[in-house]
Every structure is written in structure tokens, then in C-alpha cells.
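A.B. asks: The file below is protein-v5.cif, mmCIF, C-alpha atoms:
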```cif
data_entry
loop_
_atom_site.label_atom_id
_atom_site.label_comp_id
_atom_site.auth_asym_id
_atom_site.auth_seq_id
_atom_site.Cartn_x
_atom_site.Cartn_y
_atom_site.Cartn_z
CA MET D 957 -4.02 182.17 17.68
CA HIS D 958 -4.78 185.51 16.07
CA GLU D 959 -4.20 184.02 12.61
CA MET D 960 -7.87 182.97 12.78
CA SER D 961 -8.93 186.62 13.13
CA LEU D 962 -6.50 187.59 10.36
CA ALA D 963 -7.87 184.87 8.08
CA GLU D 964 -11.38 186.15 8.76
CA GLY D 965 -10.16 189.65 7.89
CA VAL D 966 -8.77 188.33 4.61
CA LEU D 967 -12.04 186.58 3.80
CA ASP D 968 -14.03 189.75 4.55
CA LEU D 969 -11.81 191.79 2.25
CA VAL D 970 -11.85 189.35 -0.65
CA SER D 971 -15.61 188.69 -0.35
CA GLU D 972 -16.26 192.43 -0.43
CA GLN D 973 -14.08 192.84 -3.53
CA ALA D 974 -15.73 189.91 -5.31
CA ARG D 975 -19.21 191.21 -4.47
CA ALA D 976 -18.37 194.74 -5.59
CA GLY D 977 -17.12 193.45 -8.94
CA GLY D 978 -20.02 191.03 -9.40
CA TYR D 979 -17.83 187.91 -9.38
CA ALA D 980 -19.18 184.53 -8.33
CA ARG D 981 -15.98 182.94 -7.06
CA VAL D 982 -12.58 183.80 -5.68
CA THR D 983 -10.09 181.21 -6.91
CA GLY D 984 -6.82 182.67 -5.65
CA VAL D 985 -5.60 185.03 -2.94
CA TRP D 986 -2.15 186.66 -2.74
CA LEU D 987 -0.95 187.96 0.60
CA GLU D 988 2.10 189.91 1.64
CA ILE D 989 3.21 188.98 5.17
CA GLY D 990 6.32 190.53 6.66
CA ARG D 991 8.71 188.38 8.64
CA LEU D 992 8.47 190.75 11.63
CA SER D 993 4.67 190.79 11.64
CA GLY D 994 4.18 188.06 14.22
CA VAL D 995 2.18 185.90 11.81
CA GLU D 996 2.84 182.16 11.75
CA ILE D 997 2.59 181.29 8.06
CA GLU D 998 1.55 177.68 8.62
CA ALA D 999 -1.14 178.76 11.09
CA MET D 1000 -2.32 181.34 8.57
CA ARG D 1001 -2.69 178.67 5.87
CA PHE D 1002 -4.53 176.36 8.24
CA CYS D 1003 -6.91 179.12 9.33
CA PHE D 1004 -7.47 180.36 5.78
CA ASP D 1005 -8.52 176.88 4.63
CA ALA D 1006 -10.86 176.67 7.61
CA VAL D 1007 -12.56 180.05 7.21
CA VAL D 1008 -13.13 179.93 3.43
CA ARG D 1009 -15.21 176.75 3.62
CA GLY D 1010 -18.71 177.45 2.39
CA SER D 1011 -17.75 180.96 1.26
CA VAL D 1012 -17.22 182.62 -2.10
CA ALA D 1013 -13.52 181.74 -1.71
CA GLU D 1014 -13.98 178.03 -0.98
CA GLY D 1015 -11.02 176.10 -2.41
CA ALA D 1016 -9.11 179.26 -3.34
CA SER D 1017 -5.35 178.90 -3.58
CA LEU D 1018 -3.34 180.95 -1.10
CA GLU D 1019 0.00 182.44 -2.09
CA ILE D 1020 2.00 184.16 0.62
CA ASP D 1021 4.88 186.43 -0.21
CA GLU D 1022 7.05 186.74 2.90
CA THR D 1023 8.86 190.05 2.85
CA PRO D 1024 12.20 190.26 4.69
CA GLY D 1025 12.58 192.19 7.93
CA SER D 1026 14.57 195.38 7.89
CA ALA D 1027 15.35 198.04 10.44
CA TRP D 1028 17.06 201.39 10.77
CA CYS D 1029 20.11 201.08 13.01
CA LEU D 1030 20.57 204.34 14.92
CA ALA D 1031 24.22 203.53 15.64
CA CYS D 1032 25.13 202.71 12.02
CA ALA D 1033 22.71 205.27 10.56
CA ALA D 1034 21.85 202.62 7.98
CA SER D 1035 19.05 200.28 7.03
CA VAL D 1036 19.93 196.66 7.81
CA THR D 1037 18.27 193.29 7.25
CA ILE D 1038 17.08 191.35 10.31
CA GLY D 1039 15.31 188.01 10.55
CA HIS D 1040 13.60 188.54 13.89
CA ARG D 1041 12.62 191.45 16.11
CA ALA D 1042 15.06 190.38 18.81
CA ASP D 1043 18.01 190.14 16.41
CA PRO D 1044 20.97 192.52 16.80
CA CYS D 1045 22.23 194.77 14.02
CA PRO D 1046 24.27 192.55 11.67
CA ARG D 1047 26.80 195.38 11.21
CA CYS D 1048 27.50 196.67 14.72
CA GLY D 1049 25.91 194.00 16.93
CA GLY D 1050 23.85 196.66 18.73
CA TRP D 1051 20.13 196.79 19.47
CA GLN D 1052 19.25 200.37 18.55
CA LEU D 1053 16.97 199.17 15.78
CA ARG D 1054 13.69 200.53 14.49
CA PRO D 1055 11.91 198.14 12.14
CA ASN D 1056 11.12 199.83 8.83
CA GLY D 1057 10.13 196.86 6.72
CA GLY D 1058 8.73 193.37 7.12
CA THR D 1059 5.78 194.29 9.33
CA GLU D 1060 3.26 194.20 6.48
CA MET D 1061 0.03 192.18 6.54
CA ARG D 1062 -1.72 192.92 3.26
CA VAL D 1063 -4.02 191.38 0.70
CA ARG D 1064 -2.35 192.17 -2.59
CA GLU D 1065 -4.46 190.53 -5.25
CA ILE D 1066 -7.22 188.06 -5.83
CA GLU D 1067 -8.17 185.92 -8.77
CA VAL D 1068 -11.88 185.85 -9.48
CA GLU D 1069 -14.26 184.33 -12.00
CA MET B 1317 -18.78 185.92 -15.09
CA GLN B 1318 -17.28 189.00 -16.62
CA GLY B 1319 -17.49 192.45 -15.14
CA GLN B 1320 -15.58 195.63 -14.90
CA GLY B 1321 -12.46 195.25 -12.81
CA HIS B 1322 -12.75 196.79 -9.40
CA GLY B 1323 -9.85 199.04 -8.47
CA THR B 1324 -7.50 197.27 -10.81
CA GLY B 1325 -5.36 197.58 -13.86
CA GLY B 1326 -7.36 194.48 -14.88
CA GLY B 1327 -7.31 192.33 -17.96
CA ALA B 1328 -4.62 190.93 -20.19
CA GLY B 1329 -1.06 191.88 -19.54
CA TYR B 1330 -1.70 192.96 -15.96
CA ARG B 1331 1.21 191.86 -13.84
CA ARG B 1332 3.28 194.09 -11.66
CA ALA B 1333 7.04 193.81 -11.82
CA GLU B 1334 8.31 192.56 -8.47
CA SER B 1335 11.77 193.90 -7.85
CA GLY B 1336 14.21 191.02 -7.78
CA THR B 1337 11.55 188.38 -7.10
CA PRO B 1338 10.81 185.91 -9.88
CA ASP B 1339 7.09 185.84 -10.57
CA THR B 1340 5.98 182.30 -9.86
CA ARG B 1341 2.29 183.10 -9.72
CA PRO B 1342 0.05 181.09 -11.99
CA VAL B 1343 -1.23 182.73 -15.14
CA PRO B 1344 -4.98 183.38 -14.80
CA THR B 1345 -7.06 180.57 -16.23
CA GLN B 1346 -9.69 181.09 -18.93
CA GLY B 1347 -12.63 183.16 -17.74
CA SER B 1348 -10.87 184.38 -14.60
CA ARG B 1349 -9.14 187.65 -13.90
CA ARG B 1350 -6.79 189.12 -11.38
CA LEU B 1351 -7.77 192.09 -9.26
CA ALA B 1352 -5.37 194.25 -7.32
CA VAL B 1353 -6.63 194.66 -3.75
CA GLU B 1354 -3.71 196.21 -1.82
CA ARG B 1355 -5.55 196.47 1.49
CA GLU B 1356 -4.32 195.92 5.03
CA ILE B 1357 -5.67 192.67 6.47
CA LEU B 1358 -6.47 194.59 9.63
CA ALA B 1359 -8.09 197.48 7.74
CA ALA B 1360 -11.50 196.93 9.36
CA ASN B 1361 -10.03 196.78 12.87
CA ASN B 1362 -7.84 199.80 12.20
CA SER B 1363 -10.79 201.91 11.09
CA HIS B 1364 -12.75 200.94 14.23
CA ALA B 1365 -9.66 201.84 16.26
CA ALA B 1366 -9.39 205.22 14.53
CA ARG B 1367 -13.03 205.88 15.38
CA ASN B 1368 -12.45 204.98 19.04
CA ARG B 1369 -9.36 207.19 19.14
CA GLU B 1370 -11.25 210.12 17.62
CA ARG B 1371 -14.17 209.76 20.04
CA TRP B 1372 -11.86 209.53 23.06
CA ARG B 1373 -9.93 212.56 21.87
CA GLY B 1374 -13.17 214.55 21.74
CA GLN B 1375 -14.22 213.34 25.20
CA GLY B 1376 -10.84 213.88 26.84
CA VAL B 1377 -10.41 210.19 27.62
CA PHE B 1378 -6.93 208.77 28.23
CA ALA B 1379 -7.20 205.14 27.12
CA VAL B 1380 -4.58 202.57 28.09
CA ASN B 1381 -4.47 199.01 26.72
CA LEU B 1382 -2.95 196.68 29.34
CA VAL B 1383 -1.42 193.52 27.91
CA SER B 1384 0.32 190.62 29.65
CA SER B 1385 0.34 186.87 30.06
CA PRO B 1386 -2.30 185.38 32.36
CA GLY B 1387 -1.43 185.66 36.04
CA SER B 1388 0.84 188.71 35.86
CA GLY B 1389 -1.29 190.50 38.44
CA LYS B 1390 -3.09 192.89 36.10
CA THR B 1391 -6.41 192.94 37.88
CA THR B 1392 -4.81 193.26 41.33
CA LEU B 1393 -2.72 196.14 40.01
CA LEU B 1394 -5.81 197.83 38.56
CA VAL B 1395 -7.74 197.47 41.82
CA GLU B 1396 -4.85 199.02 43.75
CA THR B 1397 -4.38 201.71 41.09
CA ILE B 1398 -8.04 202.74 41.20
CA ARG B 1399 -8.00 202.80 45.01
CA ARG B 1400 -4.97 205.10 45.02
CA LEU B 1401 -6.28 207.36 42.25
CA GLY B 1402 -9.14 208.21 44.62
CA PHE B 1403 -11.55 209.30 41.85
CA VAL B 1404 -10.04 212.76 41.39
CA PHE B 1405 -11.07 212.15 37.77
CA PRO B 1406 -13.49 209.55 36.31
CA VAL B 1407 -12.06 206.04 35.89
CA ALA B 1408 -13.70 203.27 33.87
CA VAL B 1409 -12.51 199.77 33.08
CA ILE B 1410 -13.08 197.32 30.25
CA GLU B 1411 -12.16 193.75 31.18
CA GLY B 1412 -11.38 191.19 28.51
CA ASP B 1413 -11.41 187.48 29.34
CA GLN B 1414 -12.43 184.38 27.47
CA GLN B 1415 -14.94 183.47 30.17
CA THR B 1416 -16.53 184.78 33.41
CA SER B 1417 -17.15 188.27 34.76
CA ARG B 1418 -15.01 187.76 37.86
CA ASP B 1419 -12.54 190.49 36.95
CA ALA B 1420 -15.22 193.09 36.26
CA GLU B 1421 -16.79 192.25 39.65
CA ARG B 1422 -13.44 192.81 41.39
CA ILE B 1423 -13.15 196.21 39.67
CA ARG B 1424 -16.75 197.22 40.49
CA ALA B 1425 -16.04 196.54 44.15
CA THR B 1426 -13.69 199.55 44.03
CA GLY B 1427 -16.58 201.77 42.93
CA ALA B 1428 -15.36 202.17 39.35
CA PRO B 1429 -17.70 201.21 36.50
CA ALA B 1430 -16.51 198.12 34.64
CA VAL B 1431 -17.72 196.26 31.56
CA GLN B 1432 -16.73 192.67 30.97
CA ILE B 1433 -16.13 191.45 27.44
CA ASN B 1434 -16.07 187.67 27.08
CA THR B 1435 -14.24 186.76 23.91
CA GLY B 1436 -15.24 183.08 24.08
CA LYS B 1437 -12.59 181.31 22.03
CA GLY B 1438 -11.04 184.65 21.00
CA CYS B 1439 -7.56 185.33 22.24
CA HIS B 1440 -7.56 189.15 22.12
CA LEU B 1441 -9.81 192.19 22.19
CA ASP B 1442 -10.46 194.00 18.93
CA ALA B 1443 -11.48 197.60 18.36
CA SER B 1444 -15.12 196.86 17.57
CA MET B 1445 -15.57 194.88 20.82
CA VAL B 1446 -14.19 197.85 22.72
CA GLU B 1447 -16.42 200.24 20.80
CA ARG B 1448 -19.49 198.21 21.79
CA ALA B 1449 -18.34 198.01 25.41
CA CYS B 1450 -17.94 201.80 25.51
CA ALA B 1451 -21.62 202.19 24.67
CA SER B 1452 -22.42 201.07 28.23
CA LEU B 1453 -19.89 203.37 29.90
CA ASP B 1454 -20.37 207.07 30.51
CA LEU B 1455 -17.14 208.57 29.19
CA ALA B 1456 -18.53 211.98 28.26
CA GLY B 1457 -16.70 213.68 31.12
CA GLY B 1458 -13.29 212.38 30.06
CA GLY B 1459 -10.87 210.71 32.45
CA LEU B 1460 -9.11 207.37 32.46
CA LEU B 1461 -10.18 204.28 30.52
CA LEU B 1462 -8.23 201.17 31.49
CA VAL B 1463 -8.65 198.30 29.04
CA GLU B 1464 -7.44 195.00 30.44
CA ASN B 1465 -6.80 192.80 27.43
CA VAL B 1466 -7.08 189.01 27.40
CA GLY B 1467 -4.05 187.45 29.09
CA ASN B 1468 -1.88 186.62 26.08
CA LEU B 1469 1.53 187.91 25.01
CA VAL B 1470 1.06 187.18 21.31
CA CYS B 1471 -2.22 188.17 19.70
CA PRO B 1472 -3.07 191.52 21.37
CA ALA B 1473 0.15 192.97 19.88
CA GLU B 1474 -1.42 193.21 16.43
CA PHE B 1475 -4.77 194.78 17.36
CA ASP B 1476 -5.00 198.52 17.79
CA LEU B 1477 -7.97 199.40 20.01
CA GLY B 1478 -7.54 203.15 19.60
CA GLU B 1479 -5.60 203.46 22.86
CA ALA B 1480 -3.06 206.17 23.63
CA HIS B 1481 -0.56 203.55 24.82
CA LYS B 1482 -0.15 199.84 25.17
CA VAL B 1483 1.33 199.02 28.57
CA VAL B 1484 2.89 195.58 28.90
CA ILE B 1485 2.88 194.01 32.34
CA LEU B 1486 5.46 191.37 33.20
CA SER B 1487 5.67 189.81 36.64
CA VAL B 1488 8.97 188.79 38.17
CA THR B 1489 7.64 185.24 38.62
CA GLU B 1490 7.85 184.86 34.83
CA GLY B 1491 11.09 184.52 32.85
CA GLU B 1492 13.24 187.62 32.41
CA ASP B 1493 13.69 186.69 28.75
CA LYS B 1494 9.97 187.08 27.93
CA PRO B 1495 10.68 190.30 25.96
CA ILE B 1496 12.83 188.48 23.40
CA LYS B 1497 10.57 185.42 23.35
CA TYR B 1498 7.49 187.55 22.63
CA PRO B 1499 9.09 190.58 20.99
CA ASN B 1500 6.10 191.97 19.12
CA ILE B 1501 4.12 192.84 22.23
CA PHE B 1502 7.11 194.57 23.82
CA ALA B 1503 7.81 196.38 20.56
CA ALA B 1504 4.19 197.58 20.45
CA SER B 1505 4.17 198.86 24.05
CA ASP B 1506 5.36 202.25 25.29
CA LEU B 1507 5.68 201.25 28.93
CA MET B 1508 6.64 198.04 30.71
CA LEU B 1509 5.50 197.48 34.27
CA LEU B 1510 7.55 194.90 36.10
CA THR B 1511 5.10 193.66 38.74
CA LYS B 1512 5.35 191.70 42.00
CA VAL B 1513 8.81 193.18 42.68
CA ASP B 1514 8.24 192.55 46.42
CA LEU B 1515 9.00 188.90 45.57
CA LEU B 1516 12.43 189.63 44.08
CA PRO B 1517 14.39 188.66 47.23
CA HIS B 1518 12.92 185.15 46.96
CA LEU B 1519 13.54 184.66 43.25
CA VAL B 1520 16.33 184.28 40.76
CA PHE B 1521 15.20 187.02 38.41
CA ASP B 1522 17.56 189.51 36.79
CA ALA B 1523 15.43 192.67 36.66
CA ASP B 1524 18.13 194.72 34.90
CA GLY B 1525 18.63 191.92 32.39
CA CYS B 1526 14.90 191.86 31.76
CA LEU B 1527 14.92 195.57 30.98
CA ASP B 1528 17.92 195.08 28.67
CA TYR B 1529 15.97 192.42 26.78
CA ALA B 1530 12.95 194.74 26.50
CA ARG B 1531 15.17 197.52 25.11
CA ARG B 1532 16.59 195.15 22.52
CA VAL B 1533 13.18 194.88 20.91
CA ASN B 1534 12.07 198.42 21.78
CA PRO B 1535 14.89 200.91 22.46
CA SER B 1536 12.45 203.60 23.60
CA ILE B 1537 10.29 201.55 26.02
CA GLU B 1538 9.84 203.11 29.47
CA ALA B 1539 9.97 200.81 32.47
CA MET B 1540 8.74 200.91 36.07
CA ARG B 1541 9.11 198.40 38.89
CA VAL B 1542 5.93 198.07 40.91
CA SER B 1543 4.32 195.97 43.60
CA SER B 1544 0.60 196.01 44.31
CA THR B 1545 1.34 194.34 47.65
CA SER B 1546 4.06 196.61 49.07
CA GLY B 1547 3.04 199.69 47.05
CA GLU B 1548 6.57 200.09 45.68
CA GLY B 1549 6.69 202.15 42.50
CA LEU B 1550 2.94 202.78 42.39
CA ASP B 1551 3.33 206.55 42.89
CA ARG B 1552 5.30 206.79 39.65
CA TRP B 1553 2.72 204.71 37.77
CA ILE B 1554 -0.15 206.76 39.19
CA ALA B 1555 1.65 209.98 38.21
CA TRP B 1556 2.16 208.63 34.67
CA LEU B 1557 -1.58 207.94 34.38
CA ALA B 1558 -2.53 211.31 35.88
CA ARG B 1559 -0.30 213.14 33.39
CA GLY B 1560 -1.97 211.24 30.54
CA VAL B 1561 -5.43 212.12 31.80
CA GLU B 1562 -4.48 215.76 32.20
CA ALA B 1563 -3.10 215.90 28.65
CA ALA B 1564 -6.21 214.19 27.23
CA ARG B 1565 -8.57 216.59 29.01
CA GLU B 1566 -6.45 219.55 27.95
CA GLY B 1567 -6.60 218.27 24.34
CA ALA B 1568 -10.40 217.97 24.47
CA ARG B 1569 -10.82 221.55 25.75
CA ARG B 1570 -8.89 222.93 22.77
#
```
Kindly return the structure encoded in the file as C-alpha cells.
C.D. replies:
Amino acid sequence: MHEMSLAEGVLDLVSEQARAGGYARVTGVWLEIGRLSGVEIEAMRFCFDAVVRGSVAEGASLEIDETPGSAWCLACAASVTIGHRADPCPRCGGWQLRPNGGTEMRVREIEVE
Amino acid sequence: MQGQGHGTGGGAGYRRAESGTPDTRPVPTQGSRRLAVEREILAANNSHAARNRERWRGQGVFAVNLVSSPGSGKTTLLVETIRRLGFVFPVAVIEGDQQTSRDAERIRATGAPAVQINTGKGCHLDASMVERACASLDLAGGGLLLVENVGNLVCPAEFDLGEAHKVVILSVTEGEDKPIKYPNIFAASDLMLLTKVDLLPHLVFDADGCLDYARRVNPSIEAMRVSSTSGEGLDRWIAWLARGVEAAREGARR
């Protein structure tokens, strides 16, 4: 379950930002997770709650914005929306797809006090 | 506590317009403020990986990250690979497992230096673990660095170690539909080795179908059929590695 490592990465980033700004607490964290990124959202929430205990972000709310998957279809020469990496092109049914969106794993914002 | 916003538009009125998405985020409460972070979650790993990549480029090291499920025959393949390479260039191995140093011992028996990383509960290697392991290997003369990741088709997909290529190993005793069940690791790999092909006559395994599935998630993936037992396909694999080493050493001389 690499969501534990990812949650630790999130905590490291937000702790560093809070420290740099001189804030005592992180009360909210906003993530952007693409649907093709291989992250289980529920596992991410579970791991986040586990890793923030006893930290500057203890009890922080977690908002996750799931961005849709998209890919460039070589056959259609067009960008198409896909839900999963193993999905075919919704236009031509082919598999010549290169994901170009929905692979993000980012910390967007935090709320601090 | 108030302070100057760090890397932010900060303060009242700060809220980015999200195209087409209604903003359901709570308005900051009294005494709190929102800071824009906009950093990759894996930023720390990625910077370690970039450092590894840069160091290996300077040394002329061709680093390969081998990923697979447990039991695909990775270590057996590495032992046979090292034996056939015959030390015409330096070969070193980093072994990742949750527990034990059994794999590193099997590699050392070939004469190649090997470092074992035990990840404990961890399900993958990360770039800083590999960086630390490299400190006990002499890579100054360039050559081949084989990194055997923890047996797992999920987590290692997301962690760049600084390698030139991820190579995914799938044995014919597994399901041929593994590439579409675990698409991220096949999408992240440049080469798929289908191992234990000497067993194909005894199995119901559609090798062509398996390759079709792999190409669905990665249209440009290369594939080779190999057997550590019969030796089938190993020449091609060895040649692929040798070309990589040659290119890495050439790059370091420039």
C-alpha cells in the first residue's frame, strides 16, 4: 500500500510549509489526485488520518479533487477522456493511447492558523 | 498566529477559479489562512531520483529497475544473466525485499557485489534507499546496476529510483491479463520480460494475448520471451543490457 508513503510525503510537504510560514497548525489539506495515478482514494484518506496523528496537521480536513483521465489517441489524433489506463479510446475503440492528464499527485493548498 | 504567507497569493479574496468545477471548499475560518502549495507529493523522492540519475550518468552506470510480482523468477533470472554476462563490464545488484538477505546472498555467489535493502513493512524501494545502498557499492567504473525491486505490481510503479528503464517481469505461471489488471506498472515500464517460457507447453497461457494486453496500456513497450532454465531468449536480453551499458559509458566519456 504505497498510499502510506504518499501520505507521509503529503505530511512532510505541509509540515515544511507550515514551519516556513511560522504557523502552529495545519487545519486543512487540498490534494489533486488524477484518476490514472494508481492512488486508491479511500486508502489515501485512511493513511492520511493515520500519519497526521501527533503532528502539526493532526485533525486536519482532507479534500481530494479527483481529476479525470485523458489521453492522446494516435489513431484519432485527438485528446479523449478515459476512466482507466486499460480503457480503449471511446471514439475508435483502439488502444493507441498516451495518457496526458489524470496522472497528477499534488498538494494544492493548505489551511493554516 | 499570523505571518507572511509563504509562496501564496494569501489573504482575503484568495481563491483560484476552477474551470467548470463548483468551489465547494470551506471558507477559511477566523484566524486561519489558505496557502497555495502546488507541489508534487513525490517531490522529495523525485529529487533523490534526479540525483541518482545524475550521478549514474557521470559514472557511466546503466541502471535498470526490475519490477514484478513475487515469484516471477527475478532473482533466478538475475543469477543467470550475471553468469552469462561474464563480467566483461562491472555488474552490481541492489536487492529489495521486506525481510532477509537471501536474495543478495544468491547474487553474491555469482561473484557480483550485492547490497540487500530490507524495507520492513514497506512495499517498494524509494530513491533515497537506493542512494544509501549505492554508498556501499563501487560504481565509479561504470557498468550495469540491476535493482531488484520488492515483489509487488502496484507500488513500485509510482517511485522513480533514477533508473534508465523499468523492466517488468511477468512469468507465464501468472495470468496473461496481469497487464490490464495492474496497468500502471506496465505503463511505467519500457520492456516486459515474459519469463519461464519453457513451461508454456504445460500451461494454458496465451503469450500473444498477454503482449496485446501489455500494448493496450503501453503501446510502445518492448517484449522478450525468456527462460532462465532453457536459456531461451537470454541472448536478446543480454544484448539489450550490453547496449545500455555501452551507451551509458559512452555518455560518461563525453
A.B. asks: Around (-9.1, 185.4, 2.3) in the file's frame, which residues reach within 10 Å when counting only C-alpha atoms? Return as an MDAnalysis selection string?
C.D. replies: (chainID D and resid 962:971 982 984:987 1001 1003:1005 1007:1008 1011:1014 1016:1018 1063 1066) or (chainID B and resid 1357)
A.B. asks: Could you please tell me, as number ranges by chain, which residues of chain B have an atom within 6 Å of chain D when using all atoms listed in the file?
C.D. replies: B: 1317, 1322, 1348-1357, 1471, 1496, 1532-1533, 1535
A.B. asks: Applying the PyMOL selection byres ((chain B and resi 1438) around 12) to the file I just gave you, which residues come out? Please list them as a count of residues only.
C.D. replies: 26
A.B. asks: Enter the distance from atom CA of Glu1421 of chain B to atom CA of Glu1370 of chain B, in Å, rounded to one decimal.
C.D. replies: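 It comes out at 28.9 Å.
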A.B. asks: What would the selection look like, as number ranges by chain, if the PyMOL selection byres ((chain D and resi 1031-1033) around 10) were run on the coordinates I just shared?
C.D. replies: D: 1028-1030, 1034-1036, 1045, 1047-1053
A.B. asks: Quick one: distance from atom CA of Asp1514 of chain B to atom CA of Ile1554 of chain B in Å, one decimal?
C.D. replies: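 Between atom CA of Asp1514 of chain B and atom CA of Ile1554 of chain B the gap is 18.0 Å.
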A.B. asks: Select, from B:Asn1381, B:Val1513, B:Leu1527, B:Thr1416, the residue with the minimum atom-to-atom distance to Gly1547 of chain B, counting all atoms listed in the file.
C.D. replies: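 Distance minimum relative to Gly1547 of chain B lands on B:Val1513.
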